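Structure record follows, encoded as structure tokens.
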Amino acid sequence: MLDQIIKGHCMALHNTALLAQENTDLRAANEKKRQKRNRSNRQIPCDSGMTVEEGLQLVQQLDLLDEAIQVDSHTQSELPNQAAEQATRAPPRCSGCRETGHKINVCKNRYI
């Protein structure tokens, strides 16, 4: 009876160790996918070859331009006096007689 208890305990410990290892593997794979998803995939526009230093300078210039555009767009959207225009909708049109002003459930030509 004691041997069976010991054997069951050993099996539970092995299962726990296997599950812990699987959990760490899944966490590592998830972290790798997250880093890949966040990685930049922008390409540098260049017709001819360039050196590494030229490429780094171009990337820094592009980053500065992106930051400037984001700052400008935020300042324009936060204006308090900006008028919010609502889009005007067309009046309802009947799908039976195609006249504007009513819908098919109140159409006078529905049962004719």
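Residues in the structure tokens are named by chain (A, B, ... in the order shown) and by number from 1 within that chain; ligands are numbered from 1 in the order shown.
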
Long-range neighbours of Ser95 of chain A as a ChimeraX atom specification, 12 Å cut-off, only C-alpha atoms, 5 positions minimum in chain: /A:100-107,109-110

With N, CA, C and O atoms retained, could you export that selection as a short mmCIF file (atom, residue, chain, number, x, y, z; two decimals), in the first residue's frame?
data_model
loop_
_atom_site.label_atom_id
_atom_site.label_comp_id
_atom_site.auth_asym_id
_atom_site.auth_seq_id
_atom_site.Cartn_x
_atom_site.Cartn_y
_atom_site.Cartn_z
N THR A 100 -39.74 58.70 -51.43
CA THR A 100 -39.14 59.16 -50.17
C THR A 100 -40.23 59.64 -49.25
O THR A 100 -41.31 60.06 -49.67
N GLY A 101 -39.95 59.61 -47.96
CA GLY A 101 -40.88 60.12 -46.97
C GLY A 101 -41.56 59.06 -46.14
O GLY A 101 -42.14 59.38 -45.10
N HIS A 102 -41.56 57.82 -46.56
CA HIS A 102 -42.17 56.77 -45.75
C HIS A 102 -41.44 55.44 -45.99
O HIS A 102 -40.63 55.34 -46.90
N LYS A 103 -41.75 54.47 -45.14
CA LYS A 103 -41.17 53.14 -45.26
C LYS A 103 -42.23 52.17 -45.74
O LYS A 103 -43.41 52.51 -45.80
N ILE A 104 -41.81 50.95 -46.05
CA ILE A 104 -42.73 49.99 -46.64
C ILE A 104 -43.84 49.55 -45.69
O ILE A 104 -44.94 49.21 -46.11
N ASN A 105 -43.61 49.61 -44.38
CA ASN A 105 -44.64 49.16 -43.44
C ASN A 105 -45.82 50.13 -43.38
O ASN A 105 -46.88 49.78 -42.87
N VAL A 106 -45.69 51.35 -43.89
CA VAL A 106 -46.81 52.30 -43.95
C VAL A 106 -47.09 52.75 -45.39
O VAL A 106 -47.69 53.79 -45.61
N CYS A 107 -46.68 51.96 -46.36
CA CYS A 107 -46.83 52.33 -47.77
C CYS A 107 -48.30 52.17 -48.19
O CYS A 107 -48.96 51.17 -47.89
N ASN A 109 -49.25 51.84 -51.26
CA ASN A 109 -49.27 50.94 -52.43
C ASN A 109 -48.89 49.51 -52.05
O ASN A 109 -48.67 48.69 -52.94
N ARG A 110 -48.84 49.20 -50.78
CA ARG A 110 -48.33 47.89 -50.35
C ARG A 110 -49.27 46.76 -50.72
O ARG A 110 -48.82 45.70 -51.14
#

Identify all residues of chain A in helix (DSSP H, G or I) (DSSP on the backbone) and supply them as an mmCIF file with N, CA, C and O atoms, in the first residue's frame.
data_model
loop_
_atom_site.group_PDB
_atom_site.id
_atom_site.type_symbol
_atom_site.label_atom_id
_atom_site.label_comp_id
_atom_site.auth_asym_id
_atom_site.auth_seq_id
_atom_site.Cartn_x
_atom_site.Cartn_y
_atom_site.Cartn_z
ATOM 1 N N LEU A 2 1.946 1.225 0.788
ATOM 2 C CA LEU A 2 2.861 2.366 0.843
ATOM 3 C C LEU A 2 3.554 2.568 -0.495
ATOM 4 O O LEU A 2 3.771 3.709 -0.916
ATOM 5 N N ASP A 3 3.896 1.475 -1.193
ATOM 6 C CA ASP A 3 4.536 1.590 -2.504
ATOM 7 C C ASP A 3 3.616 2.282 -3.505
ATOM 8 O O ASP A 3 4.067 3.074 -4.347
ATOM 9 N N GLN A 4 2.327 2.013 -3.454
ATOM 10 C CA GLN A 4 1.379 2.642 -4.364
ATOM 11 C C GLN A 4 1.263 4.152 -4.083
ATOM 12 O O GLN A 4 1.183 4.958 -5.006
ATOM 13 N N ILE A 5 1.281 4.530 -2.821
ATOM 14 C CA ILE A 5 1.226 5.948 -2.456
ATOM 15 C C ILE A 5 2.477 6.661 -2.957
ATOM 16 O O ILE A 5 2.403 7.759 -3.531
ATOM 17 N N ILE A 6 3.632 6.034 -2.781
ATOM 18 C CA ILE A 6 4.894 6.620 -3.238
ATOM 19 C C ILE A 6 4.896 6.737 -4.762
ATOM 20 O O ILE A 6 5.310 7.756 -5.326
ATOM 21 N N LYS A 7 4.436 5.684 -5.443
ATOM 22 C CA LYS A 7 4.384 5.704 -6.902
ATOM 23 C C LYS A 7 3.442 6.810 -7.398
ATOM 24 O O LYS A 7 3.763 7.545 -8.339
ATOM 25 N N GLY A 8 2.289 6.966 -6.791
ATOM 26 C CA GLY A 8 1.351 8.025 -7.170
ATOM 27 C C GLY A 8 1.940 9.404 -6.945
ATOM 28 O O GLY A 8 1.768 10.319 -7.764
ATOM 29 N N HIS A 9 2.663 9.574 -5.846
ATOM 30 C CA HIS A 9 3.303 10.848 -5.550
ATOM 31 C C HIS A 9 4.383 11.160 -6.577
ATOM 32 O O HIS A 9 4.486 12.304 -7.049
ATOM 33 N N CYS A 10 5.180 10.164 -6.936
ATOM 34 C CA CYS A 10 6.233 10.358 -7.943
ATOM 35 C C CYS A 10 5.615 10.732 -9.290
ATOM 36 O O CYS A 10 6.133 11.621 -10.001
ATOM 37 N N MET A 11 4.511 10.080 -9.666
ATOM 38 C CA MET A 11 3.863 10.395 -10.941
ATOM 39 C C MET A 11 3.324 11.829 -10.920
ATOM 40 O O MET A 11 3.433 12.565 -11.922
ATOM 41 N N ALA A 12 2.765 12.247 -9.784
ATOM 42 C CA ALA A 12 2.253 13.613 -9.676
ATOM 43 C C ALA A 12 3.389 14.624 -9.793
ATOM 44 O O ALA A 12 3.249 15.663 -10.450
ATOM 45 N N LEU A 13 4.533 14.334 -9.179
ATOM 46 C CA LEU A 13 5.687 15.233 -9.271
ATOM 47 C C LEU A 13 6.202 15.315 -10.707
ATOM 48 O O LEU A 13 6.549 16.404 -11.195
ATOM 49 N N HIS A 14 6.254 14.196 -11.398
ATOM 50 C CA HIS A 14 6.734 14.194 -12.782
ATOM 51 C C HIS A 14 5.765 14.983 -13.678
ATOM 52 O O HIS A 14 6.199 15.750 -14.547
ATOM 53 N N ASN A 15 4.457 14.780 -13.471
ATOM 54 C CA ASN A 15 3.475 15.538 -14.254
ATOM 55 C C ASN A 15 3.601 17.037 -13.996
ATOM 56 O O ASN A 15 3.513 17.846 -14.915
ATOM 57 N N THR A 16 3.835 17.415 -12.750
ATOM 58 C CA THR A 16 4.003 18.825 -12.402
ATOM 59 C C THR A 16 5.236 19.399 -13.076
ATOM 60 O O THR A 16 5.209 20.510 -13.609
ATOM 61 N N ALA A 17 6.323 18.633 -13.077
ATOM 62 C CA ALA A 17 7.550 19.098 -13.722
ATOM 63 C C ALA A 17 7.355 19.245 -15.226
ATOM 64 O O ALA A 17 7.814 20.223 -15.834
ATOM 65 N N LEU A 18 6.655 18.287 -15.846
ATOM 66 C CA LEU A 18 6.404 18.375 -17.287
ATOM 67 C C LEU A 18 5.525 19.582 -17.622
ATOM 68 O O LEU A 18 5.780 20.296 -18.597
ATOM 69 N N LEU A 19 4.504 19.812 -16.816
ATOM 70 C CA LEU A 19 3.632 20.958 -17.060
ATOM 71 C C LEU A 19 4.369 22.284 -16.860
ATOM 72 O O LEU A 19 4.156 23.239 -17.609
ATOM 73 N N ALA A 20 5.248 22.342 -15.864
ATOM 74 C CA ALA A 20 6.023 23.559 -15.643
ATOM 75 C C ALA A 20 6.950 23.834 -16.821
ATOM 76 O O ALA A 20 7.090 24.977 -17.273
ATOM 77 N N GLN A 21 7.588 22.783 -17.343
ATOM 78 C CA GLN A 21 8.474 22.949 -18.495
ATOM 79 C C GLN A 21 7.685 23.397 -19.725
ATOM 80 O O GLN A 21 8.113 24.270 -20.468
ATOM 81 N N GLU A 22 6.526 22.805 -19.926
ATOM 82 C CA GLU A 22 5.685 23.189 -21.069
ATOM 83 C C GLU A 22 5.225 24.640 -20.936
ATOM 84 O O GLU A 22 5.195 25.388 -21.924
ATOM 85 N N ASN A 23 4.907 25.045 -19.717
ATOM 86 C CA ASN A 23 4.484 26.422 -19.476
ATOM 87 C C ASN A 23 5.609 27.406 -19.802
ATOM 88 O O ASN A 23 5.379 28.423 -20.442
ATOM 89 N N THR A 24 6.827 27.106 -19.385
ATOM 90 C CA THR A 24 7.951 28.001 -19.693
ATOM 91 C C THR A 24 8.224 28.039 -21.192
ATOM 92 O O THR A 24 8.544 29.095 -21.739
ATOM 93 N N ASP A 25 8.086 26.907 -21.880
ATOM 94 C CA ASP A 25 8.281 26.887 -23.334
ATOM 95 C C ASP A 25 7.228 27.751 -24.040
ATOM 96 O O ASP A 25 7.546 28.509 -24.963
ATOM 97 N N LEU A 26 5.975 27.636 -23.588
ATOM 98 C CA LEU A 26 4.916 28.440 -24.192
ATOM 99 C C LEU A 26 5.106 29.929 -23.931
ATOM 100 O O LEU A 26 4.870 30.759 -24.810
ATOM 101 N N ARG A 27 5.554 30.266 -22.732
ATOM 102 C CA ARG A 27 5.814 31.676 -22.427
ATOM 103 C C ARG A 27 6.947 32.220 -23.292
ATOM 104 O O ARG A 27 6.878 33.358 -23.788
ATOM 105 N N ALA A 28 7.998 31.438 -23.496
ATOM 106 C CA ALA A 28 9.110 31.879 -24.339
ATOM 107 C C ALA A 28 8.657 32.050 -25.788
ATOM 108 O O ALA A 28 9.021 33.030 -26.457
ATOM 109 N N ALA A 29 7.853 31.124 -26.288
ATOM 110 C CA ALA A 29 7.352 31.240 -27.662
ATOM 111 C C ALA A 29 6.444 32.453 -27.802
ATOM 112 O O ALA A 29 6.512 33.174 -28.815
ATOM 113 N N ASN A 30 5.619 32.713 -26.804
ATOM 114 C CA ASN A 30 4.740 33.878 -26.839
ATOM 115 C C ASN A 30 5.545 35.173 -26.829
ATOM 116 O O ASN A 30 5.233 36.113 -27.564
ATOM 117 N N GLU A 31 6.572 35.245 -26.021
ATOM 118 C CA GLU A 31 7.423 36.435 -25.967
ATOM 119 C C GLU A 31 8.134 36.657 -27.302
ATOM 120 O O GLU A 31 8.231 37.786 -27.782
ATOM 121 N N LYS A 32 8.600 35.571 -27.924
ATOM 122 C CA LYS A 32 9.261 35.685 -29.218
ATOM 123 C C LYS A 32 8.293 36.190 -30.280
ATOM 124 O O LYS A 32 8.632 37.055 -31.093
ATOM 125 N N LYS A 33 7.038 35.699 -30.275
ATOM 126 C CA LYS A 33 6.028 36.179 -31.228
ATOM 127 C C LYS A 33 5.706 37.643 -30.991
ATOM 128 O O LYS A 33 5.525 38.420 -31.930
ATOM 129 N N ARG A 34 5.620 38.041 -29.717
ATOM 130 C CA ARG A 34 5.306 39.428 -29.398
ATOM 131 C C ARG A 34 6.412 40.360 -29.888
ATOM 132 O O ARG A 34 6.149 41.416 -30.464
ATOM 133 N N GLN A 35 7.674 39.967 -29.702
ATOM 134 C CA GLN A 35 8.787 40.773 -30.177
ATOM 135 C C GLN A 35 8.795 40.852 -31.697
ATOM 136 O O GLN A 35 9.063 41.907 -32.276
ATOM 137 N N LYS A 36 8.476 39.758 -32.364
ATOM 138 C CA LYS A 36 8.441 39.755 -33.820
ATOM 139 C C LYS A 36 7.324 40.656 -34.332
ATOM 140 O O LYS A 36 7.478 41.364 -35.320
ATOM 141 N N ARG A 37 6.190 40.652 -33.646
ATOM 142 C CA ARG A 37 5.058 41.481 -34.047
ATOM 143 C C ARG A 37 5.380 42.966 -33.874
ATOM 144 O O ARG A 37 4.957 43.797 -34.661
ATOM 145 N N ASN A 38 6.152 43.318 -32.845
ATOM 146 C CA ASN A 38 6.491 44.708 -32.571
ATOM 147 C C ASN A 38 7.698 45.194 -33.364
ATOM 148 O O ASN A 38 7.980 46.389 -33.363
ATOM 149 N N VAL A 52 26.701 52.021 -43.974
ATOM 150 C CA VAL A 52 25.949 51.809 -42.747
ATOM 151 C C VAL A 52 25.660 53.145 -42.065
ATOM 152 O O VAL A 52 24.549 53.387 -41.574
ATOM 153 N N GLU A 53 26.659 54.039 -42.038
ATOM 154 C CA GLU A 53 26.473 55.335 -41.399
ATOM 155 C C GLU A 53 25.378 56.144 -42.095
ATOM 156 O O GLU A 53 24.539 56.777 -41.448
ATOM 157 N N GLU A 54 25.368 56.112 -43.435
ATOM 158 C CA GLU A 54 24.334 56.827 -44.173
ATOM 159 C C GLU A 54 22.947 56.254 -43.868
ATOM 160 O O GLU A 54 21.970 56.984 -43.723
ATOM 161 N N GLY A 55 22.866 54.935 -43.771
ATOM 162 C CA GLY A 55 21.603 54.293 -43.447
ATOM 163 C C GLY A 55 21.105 54.678 -42.067
ATOM 164 O O GLY A 55 19.908 54.947 -41.881
ATOM 165 N N LEU A 56 21.992 54.702 -41.079
ATOM 166 C CA LEU A 56 21.604 55.085 -39.723
ATOM 167 C C LEU A 56 21.126 56.532 -39.673
ATOM 168 O O LEU A 56 20.143 56.856 -39.000
ATOM 169 N N GLN A 57 21.825 57.415 -40.400
ATOM 170 C CA GLN A 57 21.397 58.812 -40.434
ATOM 171 C C GLN A 57 20.014 58.949 -41.072
ATOM 172 O O GLN A 57 19.168 59.708 -40.600
ATOM 173 N N LEU A 58 19.788 58.219 -42.135
ATOM 174 C CA LEU A 58 18.492 58.283 -42.809
ATOM 175 C C LEU A 58 17.369 57.770 -41.910
ATOM 176 O O LEU A 58 16.288 58.349 -41.854
ATOM 177 N N VAL A 59 17.627 56.696 -41.176
ATOM 178 C CA VAL A 59 16.628 56.156 -40.253
ATOM 179 C C VAL A 59 16.319 57.155 -39.154
ATOM 180 O O VAL A 59 15.158 57.366 -38.786
ATOM 181 N N GLN A 60 17.347 57.824 -38.614
ATOM 182 C CA GLN A 60 17.119 58.817 -37.572
ATOM 183 C C GLN A 60 16.306 59.994 -38.104
ATOM 184 O O GLN A 60 15.422 60.506 -37.429
ATOM 185 N N GLN A 61 16.573 60.406 -39.338
ATOM 186 C CA GLN A 61 15.807 61.501 -39.935
ATOM 187 C C GLN A 61 14.339 61.095 -40.109
ATOM 188 O O GLN A 61 13.436 61.878 -39.831
ATOM 189 N N LEU A 62 14.111 59.863 -40.574
ATOM 190 C CA LEU A 62 12.739 59.397 -40.752
ATOM 191 C C LEU A 62 12.002 59.313 -39.421
ATOM 192 O O LEU A 62 10.820 59.631 -39.334
ATOM 193 N N ASP A 63 12.693 58.882 -38.357
ATOM 194 C CA ASP A 63 12.072 58.815 -37.041
ATOM 195 C C ASP A 63 11.692 60.207 -36.536
ATOM 196 O O ASP A 63 10.628 60.405 -35.961
ATOM 197 N N LEU A 64 12.572 61.186 -36.764
ATOM 198 C CA LEU A 64 12.269 62.552 -36.343
ATOM 199 C C LEU A 64 11.065 63.098 -37.101
ATOM 200 O O LEU A 64 10.213 63.788 -36.539
ATOM 201 N N LEU A 65 10.974 62.788 -38.392
ATOM 202 C CA LEU A 65 9.828 63.237 -39.178
ATOM 203 C C LEU A 65 8.537 62.601 -38.670
ATOM 204 O O LEU A 65 7.500 63.262 -38.572
ATOM 205 N N ASP A 66 8.573 61.321 -38.346
ATOM 206 C CA ASP A 66 7.395 60.636 -37.825
ATOM 207 C C ASP A 66 6.939 61.241 -36.505
ATOM 208 O O ASP A 66 5.754 61.441 -36.274
ATOM 209 N N GLU A 67 7.888 61.554 -35.631
ATOM 210 C CA GLU A 67 7.544 62.157 -34.346
ATOM 211 C C GLU A 67 6.933 63.539 -34.548
ATOM 212 O O GLU A 67 5.970 63.911 -33.882
ATOM 213 N N ALA A 68 7.471 64.318 -35.481
ATOM 214 C CA ALA A 68 6.937 65.648 -35.741
ATOM 215 C C ALA A 68 5.515 65.565 -36.285
ATOM 216 O O ALA A 68 4.640 66.348 -35.914
ATOM 217 N N ILE A 69 5.259 64.599 -37.157
ATOM 218 C CA ILE A 69 3.920 64.436 -37.712
ATOM 219 C C ILE A 69 2.945 64.031 -36.618
ATOM 220 O O ILE A 69 1.824 64.524 -36.559
ATOM 221 N N GLN A 70 3.359 63.153 -35.720
ATOM 222 C CA GLN A 70 2.471 62.720 -34.644
ATOM 223 C C GLN A 70 2.160 63.876 -33.703
ATOM 224 O O GLN A 70 1.030 64.034 -33.257
ATOM 225 N N VAL A 71 3.131 64.724 -33.402
ATOM 226 C CA VAL A 71 2.915 65.864 -32.512
ATOM 227 C C VAL A 71 1.951 66.838 -33.166
ATOM 228 O O VAL A 71 1.037 67.351 -32.536
ATOM 229 N N ASP A 72 2.121 67.121 -34.472
ATOM 230 C CA ASP A 72 1.234 68.034 -35.173
ATOM 231 C C ASP A 72 -0.197 67.499 -35.194
ATOM 232 O O ASP A 72 -1.147 68.249 -34.991
ATOM 233 N N SER A 73 -0.365 66.219 -35.450
ATOM 234 C CA SER A 73 -1.710 65.660 -35.527
ATOM 235 C C SER A 73 -2.400 65.693 -34.169
ATOM 236 O O SER A 73 -3.599 65.909 -34.084
ATOM 237 N N HIS A 74 -1.649 65.520 -33.075
ATOM 238 C CA HIS A 74 -2.250 65.572 -31.747
ATOM 239 C C HIS A 74 -2.680 66.990 -31.400
ATOM 240 O O HIS A 74 -3.735 67.198 -30.815
ATOM 241 N N THR A 75 -1.889 67.977 -31.775
ATOM 242 C CA THR A 75 -2.262 69.345 -31.429
ATOM 243 C C THR A 75 -3.470 69.795 -32.218
ATOM 244 O O THR A 75 -4.288 70.547 -31.731
ATOM 245 N N GLN A 76 -3.621 69.337 -33.438
ATOM 246 C CA GLN A 76 -4.773 69.739 -34.237
ATOM 247 C C GLN A 76 -6.047 69.084 -33.734
ATOM 248 O O GLN A 76 -7.109 69.685 -33.779
ATOM 249 N N SER A 77 -5.986 67.875 -33.252
ATOM 250 C CA SER A 77 -7.196 67.184 -32.826
ATOM 251 C C SER A 77 -7.660 67.617 -31.448
ATOM 252 O O SER A 77 -8.781 67.345 -31.065
ATOM 253 N N ILE A 104 -41.813 50.955 -46.050
ATOM 254 C CA ILE A 104 -42.733 49.988 -46.636
ATOM 255 C C ILE A 104 -43.836 49.553 -45.687
ATOM 256 O O ILE A 104 -44.937 49.209 -46.111
ATOM 257 N N ASN A 105 -43.611 49.609 -44.381
ATOM 258 C CA ASN A 105 -44.641 49.165 -43.444
ATOM 259 C C ASN A 105 -45.819 50.134 -43.376
ATOM 260 O O ASN A 105 -46.883 49.785 -42.875
ATOM 261 N N VAL A 106 -45.694 51.354 -43.890
ATOM 262 C CA VAL A 106 -46.813 52.304 -43.952
ATOM 263 C C VAL A 106 -47.087 52.746 -45.385
ATOM 264 O O VAL A 106 -47.687 53.792 -45.608
#

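As for atom CA of Arg39 of chain A and atom CA of Thr51 of chain A, they are spaced 22.4 Å apart.
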
Give me, please, the distance in Å between atom CA of Lys108 of chain A and atom CA of Thr88 of chain A, quoted to one decimal. 26.6 Å
